[in-house]
Amino acid sequence: MKKTNPIGIFDSGIGGLTVAHQITKLMPNERIVYFGDTQHLPYGDKSAEAIKVYSKNITKFLIEQECKMVVIACNTASALAYKEVKECCKNLAIPLNVIDPVVNYTCTSNTKKVGIIGTKNTVTSNVYALKIKELNKGINATSLATPLLVPMIEEGFYKNKISSSIIANYLDNNRLNNIDHLILGCTHYPLIEDEIRQYYGGLVTIINSAKIVSQFVKKTLLEFNLLSTELSENPHQFFVSDYTVSFEQSAQYFFGERINLVEVKL
Ligand code: DGL
């Protein structure tokens, strides 16, 4: 592994771009290889078996691209397939999931009652509540599945009346009563962070995993002496398992007009 090797990042679709964007903002010398598994989107209601297979195939592909690190920029795959991704990475790349850094951050905050919103799979796995309890028994963690949000965001429905009303409908749920912090437990949700913030009118602190994960990526690269110190000559590379205009537009929104986007069937 060399410092100049890229960071591999994957998600079911555009959600992981929020993490990828923060990573490149915080570490401008890093080059990323992004894989959006648009063919299998959404991951939120697929079987655990299917998500394990997708995640293993993508990890192998990212390792073939010589990635020094594989970031599972998807809560669903982090919840269900981290073990498999770690096995594929062995000594070839450093595996990271998006859940552990957020749990650590939450446990050092001053929260008494934290809400978590995520896909059906992430919420059913109960991974956030279990990990939070392990580290800090004094925190009450309560999760709510918000399955309409990923398709809504993938379709470009955000910052409008429809999205605001769907978001309000979910956040009105009694499970989230009296929370002081809310974890965006899906990497798509930073795209609707402003609307969520508006709903709470400043009364609830929003925990955005994209920022927290990018800081953890930097810390880990420094620990392994793998943080790139020079600007890469090669551009970022984007792969999708099924080309969609909406993916291309979202990637352009974050990374500019000239992105290298290639469709690969794994
Ligand atoms: N961004 C993903 C997550 O964090 C994807 C969800 C989906 O594909 O349903 O869970």
# chains A, B, ... in the order shown; residues from 1 in each chain; ligands from 1
call {"tool": "select_by_dssp", "arguments": {"residues": "region 34-266 of chain A", "states": "helix (DSSP H, G or I)", "output": "PyMOL selection string"}}
result
chain A and resi 48-64+75-89+99-107+120-125+127-135+149-154+161-171+174-176+189-200+209-223+245-255
call {"tool": "select_by_dssp", "arguments": {"residues": "region 73-158 of chain A", "states": "strand (DSSP E)", "output": "list in words"}}
result
Ile94, Pro95, Leu96, Asn97, Lys113, Val114, Gly115, Ile116, Ile117, Gly118, Asn140, Ala141, Thr142, Ser143, Leu144 and Ala145 of chain A
call {"tool": "closest_residue", "arguments": {"among": "A:Thr187, A:Asn174, A:Ser47, A:Asn104", "to": "ligand 1", "atoms": "only C-alpha atoms and all ligand atoms"}}
result
A:Thr187
call {"tool": "atom_distance", "arguments": {"atom1": "CA of Lys90 (chain A)", "atom2": "CA of Ala73 (chain A)"}}
result
18.8 Å
call {"tool": "closest_atom_pairs", "arguments": {"of": "region 141-184 of chain A", "to": "region 24-44 of chain A", "cutoff": "8 Å", "atoms": "only C-alpha atoms", "output": "Markdown table"}}
result
| residue | atom | partner | partner_atom | distance |
| --- | --- | --- | --- | --- |
| A:Pro147 | CA | A:Gly44 | CA | 7.2 |
| A:Val150 | CA | A:Pro42 | CA | 7.3 |
| A:Pro151 | CA | A:Pro42 | CA | 7.5 |
call {"tool": "write_last_selection", "arguments": {"atoms": "C-alpha atoms", "output": "PDB file, in the first residue's frame"}}
result
ATOM      1  CA  PRO A 147     -37.845   3.944   4.070  1.00  0.00           C
ATOM      2  CA  VAL A 150     -33.868   7.059  -0.032  1.00  0.00           C
ATOM      3  CA  PRO A 151     -36.082   6.697  -3.143  1.00  0.00           C
TER       4      PRO A 151
END
call {"tool": "residues_around", "arguments": {"residues": "Glu257 (chain A)", "least_positions_apart": "6", "cutoff": "10 Å", "atoms": "only C-alpha atoms", "output": "MDAnalysis selection string"}}
result
chainID A and resid 248:249 251
call {"tool": "residues_around", "arguments": {"residues": "Asn75 (chain A)", "least_positions_apart": "5", "cutoff": "7 Å", "atoms": "only C-alpha atoms", "output": "ChimeraX atom specification"}}
result
/A:98-99,122,185-187
call {"tool": "decode", "arguments": {"residues": "region 156-222 of chain A", "atoms": "C-alpha atoms", "output": "compact mmCIF listing (two decimals), in the first residue's frame"}}
result
# COMPACT_ATOMS: atom_id res chain seq x y z
CA GLY A 156 -34.11 14.34 -6.71
CA PHE A 157 -37.02 15.20 -4.40
CA TYR A 158 -35.48 17.37 -1.74
CA LYS A 159 -35.73 20.99 -0.70
CA ASN A 160 -39.34 21.11 -1.88
CA LYS A 161 -42.84 20.91 -0.40
CA ILE A 162 -43.23 17.17 -1.00
CA SER A 163 -39.97 16.26 0.73
CA SER A 164 -40.63 18.61 3.64
CA SER A 165 -44.02 17.06 4.24
CA ILE A 166 -42.69 13.45 4.07
CA ILE A 167 -39.85 14.38 6.44
CA ALA A 168 -42.25 16.08 8.90
CA ASN A 169 -44.54 13.07 8.78
CA TYR A 170 -41.71 10.76 9.83
CA LEU A 171 -40.19 13.07 12.44
CA ASP A 172 -43.61 13.58 14.08
CA ASN A 173 -43.48 9.92 15.13
CA ASN A 174 -43.81 9.40 18.90
CA ARG A 175 -40.65 7.31 18.98
CA LEU A 176 -38.67 10.47 18.41
CA ASN A 177 -40.42 12.48 21.16
CA ASN A 178 -38.07 14.47 23.40
CA ILE A 179 -34.84 13.55 21.63
CA ASP A 180 -31.99 16.04 22.00
CA HIS A 181 -29.79 14.58 19.18
CA LEU A 182 -30.71 12.89 15.90
CA ILE A 183 -28.31 10.59 14.03
CA LEU A 184 -28.70 10.65 10.25
CA GLY A 185 -28.25 6.86 10.05
CA CYS A 186 -28.21 6.74 6.27
CA THR A 187 -25.63 8.42 4.07
CA HIS A 188 -28.35 9.78 1.79
CA TYR A 189 -29.78 11.94 4.57
CA PRO A 190 -27.17 14.73 4.69
CA LEU A 191 -28.83 15.83 1.44
CA ILE A 192 -31.97 16.65 3.46
CA GLU A 193 -30.14 17.87 6.56
CA ASP A 194 -31.35 21.46 6.09
CA GLU A 195 -34.97 20.37 5.97
CA ILE A 196 -34.54 18.21 9.08
CA ARG A 197 -32.83 21.09 10.87
CA GLN A 198 -35.67 23.39 9.88
CA TYR A 199 -38.23 20.93 11.23
CA TYR A 200 -36.58 20.97 14.66
CA GLY A 201 -35.96 24.72 14.65
CA GLY A 202 -32.60 24.37 16.41
CA LEU A 203 -33.95 22.30 19.34
CA VAL A 204 -32.27 19.05 18.30
CA THR A 205 -28.60 18.57 17.36
CA ILE A 206 -28.22 16.78 14.04
CA ILE A 207 -25.39 14.24 13.81
CA ASN A 208 -24.17 14.12 10.21
CA SER A 209 -22.16 10.96 9.62
CA ALA A 210 -20.44 12.27 6.47
CA LYS A 211 -18.38 14.81 8.43
CA ILE A 212 -17.61 12.48 11.32
CA VAL A 213 -16.56 9.63 9.02
CA SER A 214 -14.26 11.85 6.95
CA GLN A 215 -12.44 12.89 10.14
CA PHE A 216 -12.11 9.24 11.13
CA VAL A 217 -10.73 8.39 7.66
CA LYS A 218 -8.06 11.06 8.09
CA LYS A 219 -7.14 9.88 11.59
CA THR A 220 -6.86 6.28 10.37
CA LEU A 221 -4.73 7.18 7.33
CA LEU A 222 -2.40 9.16 9.59
